[in-house]
Amino acid sequence: LASEFEIIRRYFDRPARSALLGVGDDAALLVPAVGMELVATTDLLSEGIHFRSGADPRKLGHKALAVNLSDIAAMGATPRWALLAIALPAADERWIAQFAEGMFALAARHDTELVGGDTTRGPASGPITICMTVLGEVPAGLALLRGGARPGDDIWVSGELGGAALALARPGIAAAAMRLDEPEPRVALGERLRGLASAAIDVSDGFAQDLGHILERSGVGALVHYDRLPRFPIDDPELERRCVLSGGDDYELLFTASQGARGEIEALPAEIGLALARVGSIQPGDPKVVVLDAQGRPIRVAPGFDHFAP
Ligand SMILES: [Mg+2]
């Protein structure tokens with residue numbers, strides 16, 4: 001069995017161009033660009049809870065980084081550096097090699113460098129646990145927060161909703177599985193929304209619940225038209241509503257913007273190659289999401305993902 005040090009060197013020790021000092025010392029040395037604020041986020045993936053046992057390690061490497069890049073995108077920031085900690089029941093070199101391959105392939109596409117981390121042996125039959133941290137930069141004062149939505153603002157969402165939840169409800173649909181296992185973080189969109197969006201969040205726990213987070217922070221309500229929501233094709237209307245409104249793991253960006261920004265936002269899809277849909281409007285009043293069907297009748301929304309639900 002390879003030692004921890006050999007594993008780190010072989011698979012994770014790559015020269016960092018953007019850090020003063022990357023992997024290999026006690027800690028990394030990083031210099032943010034002048035005028036930028038540092039944005040930090042971290043996410044824990046646990047075997048049996050966030051991914052099934054025997055999951056493809058290459059896809060796990062992708063997803064562990066993707067969910068963090070998605071949070072960076074939701075802040076309107078540019079990702080720069082990543083740190084990774086993994087607890088493995090055994091030093092399985094093939095698993096680590098494939099995990100690293102998936103992670104570095106996505107990192108390269110977003111100019112994000114691994115600058116530190118830790119691998120450790122967990123309990124013999126224990127779960128694989130992956131903790132990833134990503135640091136990004138945003139021009140001072142321009143980060144996209146949850147608290148800036150105002151009555152009259154439009155509500156927008158990128159891409160398509162419901163695919164990841166469909167993959168969990170009905171395994172075996174390749175396009176849906178791809179949405180669940182290999183989400184594409186909307187980094188280019190987040191960067192373009194600086195100074196344009198009034199509030200933003202990424203859809204990780206379900207559209208209605210994540211919109212609810214914006215409403216609570218902003219002290220406003222929302223009216224959403226179901227038929228305007230961009231939906232992954234699902235043939236069962238009941239299942240579709242559940243996946244689209246309450247399914248998690250889509251990692252699309254959900255944001256609000258003033259009506260005056262409409263023209264600029266409508267021009268973005270052609271520029272960045274990602275569909276954007278205007279799905280409703282921010283209302284004065286209680287932080288409540290009202291979803292109307294095509295006939296204008298309210299739709300009951302099932303609760304979204306709750307990490308502590310039994
Ligand atoms: Mg988030």
# chains A, B, ... in the order shown; residues from 1 in each chain; ligands from 1

$ residues_around --residues "Leu44 in chain A" --least-positions-apart "6" --cutoff "8 Å" --atoms "only C-alpha atoms" --output "PDB file with N, CA, C and O atoms, in the first residue's frame"
ATOM      1  N   THR A 129     -15.584  10.024   3.139  1.00  0.00           N
ATOM      2  CA  THR A 129     -16.027  11.388   3.420  1.00  0.00           C
ATOM      3  C   THR A 129     -15.131  12.360   2.672  1.00  0.00           C
ATOM      4  O   THR A 129     -13.897  12.247   2.745  1.00  0.00           O
ATOM      5  N   ILE A 130     -15.743  13.270   1.940  1.00  0.00           N
ATOM      6  CA  ILE A 130     -14.993  14.217   1.116  1.00  0.00           C
ATOM      7  C   ILE A 130     -15.367  15.632   1.520  1.00  0.00           C
ATOM      8  O   ILE A 130     -16.543  15.989   1.484  1.00  0.00           O
ATOM      9  N   CYS A 131     -14.384  16.404   1.913  1.00  0.00           N
ATOM     10  CA  CYS A 131     -14.655  17.809   2.268  1.00  0.00           C
ATOM     11  C   CYS A 131     -13.836  18.706   1.356  1.00  0.00           C
ATOM     12  O   CYS A 131     -12.616  18.621   1.324  1.00  0.00           O
ATOM     13  N   MET A 132     -14.535  19.508   0.597  1.00  0.00           N
ATOM     14  CA  MET A 132     -13.864  20.379  -0.363  1.00  0.00           C
ATOM     15  C   MET A 132     -14.124  21.838  -0.001  1.00  0.00           C
ATOM     16  O   MET A 132     -15.239  22.193   0.371  1.00  0.00           O
TER      17      MET A 132
END

$ residues_near_ligand --ligand "ligand 1" --cutoff "12 Å" --atoms "only C-alpha atoms and all ligand atoms" --output "tab-separated table (two decimals) with all heavy atoms, in the first residue's frame"
chain	number	residue	atom	x	y	z
A	40	ALA	N	-15.23	32.48	0.35
A	40	ALA	CA	-14.86	31.12	0.78
A	40	ALA	C	-16.11	30.28	0.98
A	40	ALA	O	-17.11	30.74	1.52
A	40	ALA	CB	-14.07	31.19	2.08
A	41	THR	N	-16.06	29.02	0.53
A	41	THR	CA	-17.18	28.11	0.73
A	41	THR	C	-16.66	26.69	0.92
A	41	THR	O	-15.58	26.36	0.43
A	41	THR	CB	-18.17	28.17	-0.46
A	41	THR	OG1	-19.30	27.34	-0.17
A	41	THR	CG2	-17.53	27.69	-1.75
A	42	THR	N	-17.41	25.87	1.64
A	42	THR	CA	-16.97	24.48	1.84
A	42	THR	C	-18.18	23.57	1.83
A	42	THR	O	-19.30	23.98	2.13
A	42	THR	CB	-16.17	24.35	3.16
A	42	THR	OG1	-15.53	23.08	3.19
A	42	THR	CG2	-17.06	24.49	4.38
A	43	ASP	N	-17.97	22.31	1.44
A	43	ASP	CA	-19.07	21.37	1.30
A	43	ASP	C	-18.59	19.97	1.66
A	43	ASP	O	-17.50	19.57	1.28
A	43	ASP	CB	-19.56	21.37	-0.15
A	43	ASP	CG	-21.06	21.24	-0.22
A	43	ASP	OD1	-21.54	20.10	-0.21
A	43	ASP	OD2	-21.73	22.27	-0.27
A	66	ALA	N	-17.75	20.66	-8.17
A	66	ALA	CA	-18.84	21.39	-8.84
A	66	ALA	C	-19.77	22.08	-7.84
A	66	ALA	O	-20.18	23.22	-8.05
A	66	ALA	CB	-19.64	20.45	-9.74
A	67	VAL	N	-20.10	21.39	-6.74
A	67	VAL	CA	-21.05	21.99	-5.79
A	67	VAL	C	-20.44	23.22	-5.11
A	67	VAL	O	-21.15	24.18	-4.81
A	67	VAL	CB	-21.55	20.96	-4.74
A	67	VAL	CG1	-22.28	19.82	-5.44
A	67	VAL	CG2	-20.44	20.42	-3.88
A	68	ASN	N	-19.14	23.20	-4.91
A	68	ASN	CA	-18.47	24.37	-4.35
A	68	ASN	C	-18.36	25.51	-5.37
A	68	ASN	O	-18.59	26.67	-5.04
A	68	ASN	CB	-17.07	24.00	-3.85
A	68	ASN	CG	-17.10	23.30	-2.50
A	68	ASN	OD1	-17.29	23.95	-1.49
A	68	ASN	ND2	-16.97	21.99	-2.50
A	69	LEU	N	-18.03	25.16	-6.62
A	69	LEU	CA	-17.95	26.18	-7.67
A	69	LEU	C	-19.32	26.83	-7.86
A	69	LEU	O	-19.43	28.02	-8.15
A	69	LEU	CB	-17.48	25.55	-8.99
A	69	LEU	CG	-16.04	25.05	-9.03
A	69	LEU	CD1	-15.73	24.45	-10.41
A	69	LEU	CD2	-15.05	26.17	-8.72
A	70	SER	N	-20.38	26.04	-7.66
A	70	SER	CA	-21.73	26.57	-7.80
A	70	SER	C	-22.01	27.63	-6.74
A	70	SER	O	-22.64	28.66	-7.02
A	70	SER	CB	-22.73	25.41	-7.70
A	70	SER	OG	-24.05	25.89	-7.80
A	71	ASP	N	-21.55	27.40	-5.52
A	71	ASP	CA	-21.72	28.42	-4.46
A	71	ASP	C	-20.91	29.67	-4.77
A	71	ASP	O	-21.35	30.79	-4.51
A	71	ASP	CB	-21.30	27.85	-3.10
A	71	ASP	CG	-22.40	27.03	-2.46
A	71	ASP	OD1	-23.58	27.37	-2.65
A	71	ASP	OD2	-22.09	26.04	-1.77
A	72	ILE	N	-19.71	29.48	-5.30
A	72	ILE	CA	-18.88	30.63	-5.70
A	72	ILE	C	-19.60	31.42	-6.80
A	72	ILE	O	-19.67	32.66	-6.77
A	72	ILE	CB	-17.50	30.13	-6.20
A	72	ILE	CG1	-16.69	29.51	-5.06
A	72	ILE	CG2	-16.72	31.26	-6.88
A	72	ILE	CD1	-16.09	30.48	-4.07
A	73	ALA	N	-20.19	30.70	-7.77
A	73	ALA	CA	-20.92	31.35	-8.86
A	73	ALA	C	-22.11	32.12	-8.32
A	73	ALA	O	-22.41	33.23	-8.77
A	73	ALA	CB	-21.40	30.30	-9.87
A	74	ALA	N	-22.81	31.55	-7.32
A	74	ALA	CA	-23.98	32.20	-6.75
A	74	ALA	C	-23.62	33.49	-6.02
A	74	ALA	O	-24.48	34.32	-5.76
A	74	ALA	CB	-24.71	31.25	-5.80
A	75	MET	N	-22.35	33.66	-5.68
A	75	MET	CA	-21.87	34.91	-5.06
A	75	MET	C	-21.38	35.90	-6.11
A	75	MET	O	-20.94	37.00	-5.78
A	75	MET	CB	-20.72	34.62	-4.08
A	75	MET	CG	-21.08	33.73	-2.90
A	75	MET	SD	-22.35	34.43	-1.84
A	75	MET	CE	-21.44	35.77	-1.06
A	76	GLY	N	-21.42	35.50	-7.37
A	76	GLY	CA	-20.90	36.36	-8.44
A	76	GLY	C	-19.39	36.40	-8.47
A	76	GLY	O	-18.79	37.31	-9.05
A	144	LEU	N	-22.84	38.95	-4.99
A	144	LEU	CA	-24.30	38.78	-5.07
A	144	LEU	C	-24.78	38.14	-3.78
A	144	LEU	O	-24.40	37.01	-3.47
A	144	LEU	CB	-24.66	37.89	-6.26
A	144	LEU	CG	-24.14	38.36	-7.62
A	144	LEU	CD1	-24.51	37.34	-8.69
A	144	LEU	CD2	-24.71	39.73	-7.98
A	145	LEU	N	-25.63	38.84	-3.04
A	145	LEU	CA	-26.12	38.33	-1.77
A	145	LEU	C	-27.58	37.89	-1.89
A	145	LEU	O	-28.23	38.16	-2.89
A	145	LEU	CB	-25.96	39.42	-0.69
A	145	LEU	CG	-24.57	40.06	-0.59
A	145	LEU	CD1	-24.54	41.08	0.53
A	145	LEU	CD2	-23.50	39.00	-0.38
A	146	ARG	N	-28.08	37.24	-0.85
A	146	ARG	CA	-29.47	36.78	-0.87
A	146	ARG	C	-30.44	37.89	-0.48
A	146	ARG	O	-31.63	37.75	-0.69
A	146	ARG	CB	-29.62	35.60	0.10
A	146	ARG	CG	-28.83	34.38	-0.33
A	146	ARG	CD	-28.97	33.26	0.69
A	146	ARG	NE	-28.22	32.07	0.28
A	146	ARG	CZ	-28.23	30.93	0.95
A	146	ARG	NH1	-28.94	30.81	2.06
A	146	ARG	NH2	-27.53	29.89	0.51
A	185	PRO	N	-21.39	23.79	-12.95
A	185	PRO	CA	-21.53	25.03	-12.18
A	185	PRO	C	-21.61	26.23	-13.11
A	185	PRO	O	-20.89	26.30	-14.09
A	185	PRO	CB	-20.26	25.05	-11.32
A	185	PRO	CG	-19.28	24.19	-12.03
A	185	PRO	CD	-20.09	23.14	-12.75
A	186	ARG	N	-22.50	27.17	-12.80
A	186	ARG	CA	-22.79	28.29	-13.70
A	186	ARG	C	-21.89	29.49	-13.41
A	186	ARG	O	-22.35	30.61	-13.14
A	186	ARG	CB	-24.27	28.67	-13.58
A	186	ARG	CG	-25.24	27.51	-13.82
A	186	ARG	CD	-24.96	26.77	-15.11
A	186	ARG	NE	-26.04	25.85	-15.49
A	186	ARG	CZ	-25.99	25.02	-16.52
A	186	ARG	NH1	-24.89	24.96	-17.26
A	186	ARG	NH2	-27.01	24.24	-16.80
A	200	ALA	N	-29.03	36.53	-5.43
A	200	ALA	CA	-28.79	35.27	-6.15
A	200	ALA	C	-28.54	34.14	-5.16
A	200	ALA	O	-28.11	34.35	-4.02
A	200	ALA	CB	-27.59	35.40	-7.09
A	201	ILE	N	-28.84	32.92	-5.63
A	201	ILE	CA	-28.59	31.70	-4.85
A	201	ILE	C	-28.45	30.57	-5.88
A	201	ILE	O	-28.93	30.70	-7.01
A	201	ILE	CB	-29.77	31.43	-3.87
A	201	ILE	CG1	-29.42	30.33	-2.86
A	201	ILE	CG2	-31.05	31.09	-4.62
A	201	ILE	CD1	-30.44	30.24	-1.71
A	202	ASP	N	-27.78	29.48	-5.52
A	202	ASP	CA	-27.79	28.34	-6.43
A	202	ASP	C	-28.84	27.34	-5.94
A	202	ASP	O	-29.13	27.26	-4.74
A	202	ASP	CB	-26.41	27.69	-6.59
A	202	ASP	CG	-25.86	27.10	-5.29
A	202	ASP	OD1	-26.12	27.69	-4.22
A	202	ASP	OD2	-25.19	26.07	-5.35
A	203	VAL	N	-29.45	26.62	-6.89
A	203	VAL	CA	-30.54	25.71	-6.55
A	203	VAL	C	-29.94	24.37	-6.14
A	203	VAL	O	-29.62	23.53	-6.97
A	203	VAL	CB	-31.51	25.52	-7.73
A	203	VAL	CG1	-32.66	24.59	-7.32
A	203	VAL	CG2	-32.07	26.86	-8.18
A	204	SER	N	-29.75	24.20	-4.83
A	204	SER	CA	-29.18	22.95	-4.33
A	204	SER	C	-30.21	22.14	-3.55
A	204	SER	O	-30.17	20.92	-3.53
A	204	SER	CB	-27.96	23.23	-3.44
A	204	SER	OG	-28.31	24.10	-2.38
A	205	ASP	N	-31.15	22.81	-2.90
A	205	ASP	CA	-32.12	22.10	-2.05
A	205	ASP	C	-33.54	22.12	-2.60
A	205	ASP	O	-34.48	21.68	-1.92
A	205	ASP	CB	-32.13	22.72	-0.64
A	205	ASP	CG	-30.77	22.56	0.05
A	205	ASP	OD1	-29.99	21.70	-0.39
A	205	ASP	OD2	-30.51	23.31	1.00
A	206	GLY	N	-33.72	22.61	-3.82
A	206	GLY	CA	-35.04	22.69	-4.44
A	206	GLY	C	-35.39	24.14	-4.74
A	206	GLY	O	-35.14	25.02	-3.93
A	207	PHE	N	-36.01	24.38	-5.92
A	207	PHE	CA	-36.29	25.74	-6.38
A	207	PHE	C	-37.08	26.55	-5.35
A	207	PHE	O	-36.70	27.67	-4.99
A	207	PHE	CB	-37.07	25.68	-7.71
A	207	PHE	CG	-37.60	27.01	-8.15
A	207	PHE	CD1	-36.79	27.92	-8.83
A	207	PHE	CD2	-38.92	27.38	-7.87
A	207	PHE	CE1	-37.28	29.16	-9.22
A	207	PHE	CE2	-39.41	28.63	-8.26
A	207	PHE	CZ	-38.59	29.51	-8.94
A	209	GLN	N	-37.65	26.09	-2.12
A	209	GLN	CA	-36.96	26.30	-0.85
A	209	GLN	C	-35.82	27.32	-0.99
A	209	GLN	O	-35.63	28.18	-0.15
A	209	GLN	CB	-36.41	24.96	-0.35
A	209	GLN	CG	-35.78	25.05	1.03
A	209	GLN	CD	-35.64	23.68	1.66
A	209	GLN	OE1	-36.58	22.89	1.69
A	209	GLN	NE2	-34.46	23.37	2.14
A	210	ASP	N	-35.06	27.21	-2.08
A	210	ASP	CA	-33.95	28.14	-2.27
A	210	ASP	C	-34.45	29.56	-2.56
A	210	ASP	O	-33.86	30.53	-2.08
A	210	ASP	CB	-33.01	27.62	-3.36
A	210	ASP	CG	-32.20	26.42	-2.86
A	210	ASP	OD1	-31.74	26.47	-1.70
A	210	ASP	OD2	-32.04	25.44	-3.60
A	211	LEU	N	-35.56	29.67	-3.31
A	211	LEU	CA	-36.16	30.99	-3.49
A	211	LEU	C	-36.60	31.53	-2.13
A	211	LEU	O	-36.45	32.72	-1.84
A	211	LEU	CB	-37.35	30.90	-4.46
A	211	LEU	CG	-38.14	32.20	-4.70
A	211	LEU	CD1	-37.24	33.33	-5.17
A	211	LEU	CD2	-39.26	31.97	-5.72
A	213	HIS	N	-35.17	31.16	0.65
A	213	HIS	CA	-34.01	31.74	1.35
A	213	HIS	C	-33.80	33.20	0.93
A	213	HIS	O	-33.47	34.06	1.74
A	213	HIS	CB	-32.74	30.94	1.07
A	213	HIS	CG	-32.78	29.55	1.65
A	213	HIS	ND1	-33.19	29.30	2.93
A	213	HIS	CD2	-32.47	28.35	1.12
A	213	HIS	CE1	-33.13	27.99	3.16
A	213	HIS	NE2	-32.69	27.40	2.08
A	214	ILE	N	-33.95	33.48	-0.37
A	214	ILE	CA	-33.83	34.86	-0.86
A	214	ILE	C	-34.94	35.71	-0.23
A	214	ILE	O	-34.69	36.83	0.23
A	214	ILE	CB	-33.92	34.91	-2.40
A	214	ILE	CG1	-32.62	34.39	-3.02
A	214	ILE	CG2	-34.22	36.34	-2.89
A	214	ILE	CD1	-32.55	34.47	-4.54
A	248	GLY	N	-33.76	18.70	-5.42
A	248	GLY	CA	-32.51	19.43	-5.20
A	248	GLY	C	-31.48	19.09	-6.25
A	248	GLY	O	-31.78	18.43	-7.24
A	249	ASP	N	-30.25	19.56	-6.01
A	249	ASP	CA	-29.08	19.11	-6.77
A	249	ASP	C	-29.00	19.60	-8.21
A	249	ASP	O	-28.21	19.07	-8.99
A	249	ASP	CB	-28.98	17.57	-6.76
A	249	ASP	CG	-28.05	17.07	-5.65
A	249	ASP	OD1	-27.38	17.90	-5.01
A	249	ASP	OD2	-27.99	15.84	-5.43
A	250	ASP	N	-29.86	20.58	-8.60
A	250	ASP	CA	-29.79	21.04	-9.98
A	250	ASP	C	-28.60	21.98	-10.22
A	250	ASP	O	-28.07	22.05	-11.31
A	250	ASP	CB	-31.08	21.77	-10.36
A	250	ASP	CG	-32.21	20.80	-10.64
A	250	ASP	OD1	-31.97	19.81	-11.35
A	250	ASP	OD2	-33.32	21.02	-10.13
A	251	TYR	N	-28.22	22.73	-9.20
A	251	TYR	CA	-27.11	23.68	-9.28
A	251	TYR	C	-27.26	24.68	-10.42
A	251	TYR	O	-26.29	25.07	-11.05
A	251	TYR	CB	-25.76	22.94	-9.32
A	251	TYR	CG	-25.61	22.15	-8.04
A	251	TYR	CD1	-25.83	20.78	-8.02
A	251	TYR	CD2	-25.38	22.80	-6.84
A	251	TYR	CE1	-25.78	20.06	-6.82
A	251	TYR	CE2	-25.33	22.11	-5.65
A	251	TYR	CZ	-25.53	20.75	-5.65
A	251	TYR	OH	-25.49	20.08	-4.48
A	252	GLU	N	-28.51	25.07	-10.67
A	252	GLU	CA	-28.75	26.22	-11.55
A	252	GLU	C	-28.67	27.47	-10.69
A	252	GLU	O	-28.71	27.40	-9.46
A	252	GLU	CB	-30.14	26.11	-12.20
A	252	GLU	CG	-30.29	24.92	-13.15
A	252	GLU	CD	-29.36	25.00	-14.36
A	252	GLU	OE1	-28.76	26.07	-14.59
A	252	GLU	OE2	-29.23	23.97	-15.06
A	253	LEU	N	-28.55	28.64	-11.33
A	253	LEU	CA	-28.59	29.89	-10.57
A	253	LEU	C	-30.01	30.46	-10.62
A	253	LEU	O	-30.65	30.49	-11.66
A	253	LEU	CB	-27.60	30.91	-11.13
A	253	LEU	CG	-26.12	30.63	-10.89
A	253	LEU	CD1	-25.28	31.86	-11.26
A	253	LEU	CD2	-25.83	30.20	-9.46
A	254	LEU	N	-30.47	30.87	-9.45
A	254	LEU	CA	-31.77	31.51	-9.28
A	254	LEU	C	-31.46	32.93	-8.82
A	254	LEU	O	-30.75	33.11	-7.83
A	254	LEU	CB	-32.54	30.71	-8.23
A	254	LEU	CG	-33.76	31.29	-7.53
A	254	LEU	CD1	-34.80	31.72	-8.53
A	254	LEU	CD2	-34.33	30.24	-6.59

$ atom_distance --atom1 "CA of Ala261 in chain A" --atom2 "CA of Ser158 in chain A"
15.8 Å

$ select_by_dssp --residues "range 24-67 of chain A" --states "strand (DSSP E)" --output "PyMOL selection string"
chain A and resi 36-46

$ atom_distance --atom1 "CA of Gly280 in chain A" --atom2 "CA of Leu142 in chain A"
24.2 Å

$ closest_residue --among "A:Ala175, A:Ala257, A:Ala277, A:Val224" --to "Arg297 in chain A" --atoms "only C-alpha atoms"
A:Val224

$ closest_atom_pairs --of "range 78-162 of chain A" --to "range 29-38 of chain A" --cutoff "8 Å" --atoms "only C-alpha atoms" --output "JSON lines"
{"residue": "A:Leu135", "atom": "CA", "partner": "A:Leu38", "partner_atom": "CA", "distance": 6.8}
{"residue": "A:Gly136", "atom": "CA", "partner": "A:Leu38", "partner_atom": "CA", "distance": 5.8}
{"residue": "A:Glu137", "atom": "CA", "partner": "A:Leu38", "partner_atom": "CA", "distance": 4.8}
{"residue": "A:Val138", "atom": "CA", "partner": "A:Met36", "partner_atom": "CA", "distance": 5.3}
{"residue": "A:Pro139", "atom": "CA", "partner": "A:Met36", "partner_atom": "CA", "distance": 4.4}
{"residue": "A:Ala140", "atom": "CA", "partner": "A:Met36", "partner_atom": "CA", "distance": 5.1}
{"residue": "A:Gly141", "atom": "CA", "partner": "A:Glu37", "partner_atom": "CA", "distance": 7.9}

$ closest_residue --among "A:Arg9, A:Arg150, A:Arg17, A:Lys59" --to "Leu215 in chain A" --atoms "only C-alpha atoms"
A:Arg150

$ residues_around --residues "range 236-244 of chain A" --least-positions-apart "5" --cutoff "10 Å" --atoms "only C-alpha atoms" --output "JSON list (two decimals) with N, CA, C and O atoms, in the first residue's frame"
[["chain", "number", "residue", "atom", "x", "y", "z"],
["A", 160, "GLU", "N", -32.23, 24.21, -16.66],
["A", 160, "GLU", "CA", -33.45, 23.41, -16.52],
["A", 160, "GLU", "C", -33.52, 22.87, -15.10],
["A", 160, "GLU", "O", -32.50, 22.52, -14.52],
["A", 161, "LEU", "N", -34.75, 22.74, -14.58],
["A", 161, "LEU", "CA", -34.92, 22.23, -13.22],
["A", 161, "LEU", "C", -35.52, 20.82, -13.24],
["A", 161, "LEU", "O", -36.30, 20.49, -14.13],
["A", 162, "GLY", "N", -35.17, 20.02, -12.26],
["A", 162, "GLY", "CA", -35.85, 18.74, -12.06],
["A", 162, "GLY", "C", -35.11, 17.50, -12.52],
["A", 162, "GLY", "O", -35.46, 16.39, -12.13],
["A", 163, "GLY", "N", -34.07, 17.68, -13.34],
["A", 163, "GLY", "CA", -33.36, 16.51, -13.88],
["A", 163, "GLY", "C", -32.68, 15.67, -12.81],
["A", 163, "GLY", "O", -32.77, 14.45, -12.81],
["A", 164, "ALA", "N", -32.00, 16.36, -11.88],
["A", 164, "ALA", "CA", -31.27, 15.62, -10.84],
["A", 164, "ALA", "C", -32.23, 14.84, -9.95],
["A", 164, "ALA", "O", -31.98, 13.68, -9.60],
["A", 165, "ALA", "N", -33.36, 15.46, -9.60],
["A", 165, "ALA", "CA", -34.33, 14.77, -8.74],
["A", 165, "ALA", "C", -34.97, 13.60, -9.49],
["A", 165, "ALA", "O", -35.27, 12.56, -8.89],
["A", 166, "LEU", "N", -35.16, 13.76, -10.80],
["A", 166, "LEU", "CA", -35.71, 12.66, -11.58],
["A", 166, "LEU", "C", -34.77, 11.46, -11.56],
["A", 166, "LEU", "O", -35.20, 10.31, -11.47],
["A", 167, "ALA", "N", -33.46, 11.73, -11.62],
["A", 167, "ALA", "CA", -32.47, 10.64, -11.61],
["A", 167, "ALA", "C", -32.57, 9.84, -10.31],
["A", 167, "ALA", "O", -32.37, 8.62, -10.31],
["A", 168, "LEU", "N", -32.91, 10.50, -9.21],
["A", 168, "LEU", "CA", -33.07, 9.79, -7.94],
["A", 168, "LEU", "C", -34.39, 9.01, -7.92],
["A", 168, "LEU", "O", -34.46, 7.88, -7.43],
["A", 169, "ALA", "N", -35.45, 9.62, -8.47],
["A", 169, "ALA", "CA", -36.77, 8.99, -8.46],
["A", 169, "ALA", "C", -36.85, 7.83, -9.45],
["A", 169, "ALA", "O", -37.50, 6.83, -9.20],
["A", 206, "GLY", "N", -33.72, 22.61, -3.82],
["A", 206, "GLY", "CA", -35.04, 22.69, -4.44],
["A", 206, "GLY", "C", -35.39, 24.14, -4.74],
["A", 206, "GLY", "O", -35.14, 25.02, -3.93],
["A", 207, "PHE", "N", -36.01, 24.38, -5.92],
["A", 207, "PHE", "CA", -36.29, 25.74, -6.38],
["A", 207, "PHE", "C", -37.08, 26.55, -5.35],
["A", 207, "PHE", "O", -36.70, 27.67, -4.99],
["A", 208, "ALA", "N", -38.20, 25.99, -4.86],
["A", 208, "ALA", "CA", -39.08, 26.76, -3.97],
["A", 208, "ALA", "C", -38.37, 27.08, -2.65],
["A", 208, "ALA", "O", -38.46, 28.19, -2.14],
["A", 226, "TYR", "N", -45.74, 28.59, -12.91],
["A", 226, "TYR", "CA", -45.16, 27.25, -13.10],
["A", 226, "TYR", "C", -44.82, 26.99, -14.56],
["A", 226, "TYR", "O", -43.77, 26.43, -14.88],
["A", 229, "LEU", "N", -41.42, 28.02, -15.78],
["A", 229, "LEU", "CA", -40.21, 27.40, -15.24],
["A", 229, "LEU", "C", -39.59, 26.48, -16.29],
["A", 229, "LEU", "O", -40.29, 25.69, -16.92],
["A", 230, "PRO", "N", -38.26, 26.57, -16.50],
["A", 230, "PRO", "CA", -37.61, 25.67, -17.46],
["A", 230, "PRO", "C", -37.53, 24.28, -16.85],
["A", 230, "PRO", "O", -36.96, 24.10, -15.78],
["A", 231, "ARG", "N", -38.14, 23.30, -17.51],
["A", 231, "ARG", "CA", -38.31, 21.99, -16.89],
["A", 231, "ARG", "C", -37.61, 20.88, -17.67],
["A", 231, "ARG", "O", -37.74, 20.82, -18.89],
["A", 250, "ASP", "N", -29.86, 20.58, -8.60],
["A", 250, "ASP", "CA", -29.79, 21.04, -9.98],
["A", 250, "ASP", "C", -28.60, 21.98, -10.22],
["A", 250, "ASP", "O", -28.07, 22.05, -11.31],
["A", 299, "ILE", "N", -50.47, 26.28, -6.79],
["A", 299, "ILE", "CA", -49.98, 24.90, -6.71],
["A", 299, "ILE", "C", -49.38, 24.68, -5.33],
["A", 299, "ILE", "O", -48.60, 25.51, -4.85],
["A", 300, "ARG", "N", -49.76, 23.58, -4.68],
["A", 300, "ARG", "CA", -49.18, 23.27, -3.39],
["A", 300, "ARG", "C", -47.73, 22.80, -3.60],
["A", 300, "ARG", "O", -47.48, 21.93, -4.44],
["A", 301, "VAL", "N", -46.81, 23.37, -2.83],
["A", 301, "VAL", "CA", -45.39, 23.04, -3.02],
["A", 301, "VAL", "C", -44.92, 22.12, -1.89],
["A", 301, "VAL", "O", -45.05, 22.46, -0.72],
["A", 302, "ALA", "N", -44.42, 20.95, -2.26],
["A", 302, "ALA", "CA", -43.87, 20.02, -1.26],
["A", 302, "ALA", "C", -42.58, 20.60, -0.70],
["A", 302, "ALA", "O", -41.88, 21.33, -1.40],
["A", 303, "PRO", "N", -42.25, 20.29, 0.56],
["A", 303, "PRO", "CA", -41.00, 20.81, 1.12],
["A", 303, "PRO", "C", -39.79, 20.30, 0.34],
["A", 303, "PRO", "O", -39.82, 19.20, -0.19],
["A", 304, "GLY", "N", -38.74, 21.10, 0.28],
["A", 304, "GLY", "CA", -37.51, 20.70, -0.41],
["A", 304, "GLY", "C", -36.63, 19.86, 0.48],
["A", 304, "GLY", "O", -37.06, 19.37, 1.53]]

$ closest_residue --among "A:Arg52, A:Arg278, A:Arg217, A:Lys288" --to "Gly159 in chain A" --atoms "only C-alpha atoms"
A:Arg278

$ select_by_dssp --residues "range 152-261 of chain A" --states "alpha helix (DSSP H)" --output "ChimeraX atom specification"
/A:163-169,174-181,187-192,207-218,237-246

$ closest_atom_pairs --of "range 92-171 of chain A" --to "range 20-25 of chain A" --cutoff "9 Å" --atoms "only C-alpha atoms" --output "JSON lines"
{"residue": "A:Glu113", "atom": "CA", "partner": "A:Gly22", "partner_atom": "CA", "distance": 8.5}
{"residue": "A:Leu114", "atom": "CA", "partner": "A:Gly22", "partner_atom": "CA", "distance": 7.3}
{"residue": "A:Val115", "atom": "CA", "partner": "A:Gly22", "partner_atom": "CA", "distance": 4.2}
{"residue": "A:Gly116", "atom": "CA", "partner": "A:Val23", "partner_atom": "CA", "distance": 4.8}
{"residue": "A:Gly117", "atom": "CA", "partner": "A:Val23", "partner_atom": "CA", "distance": 7.5}

$ closest_residue --among "A:Gly260, A:Pro151, A:Pro89, A:Arg94" --to "Pro123 in chain A" --atoms "only C-alpha atoms"
A:Pro89
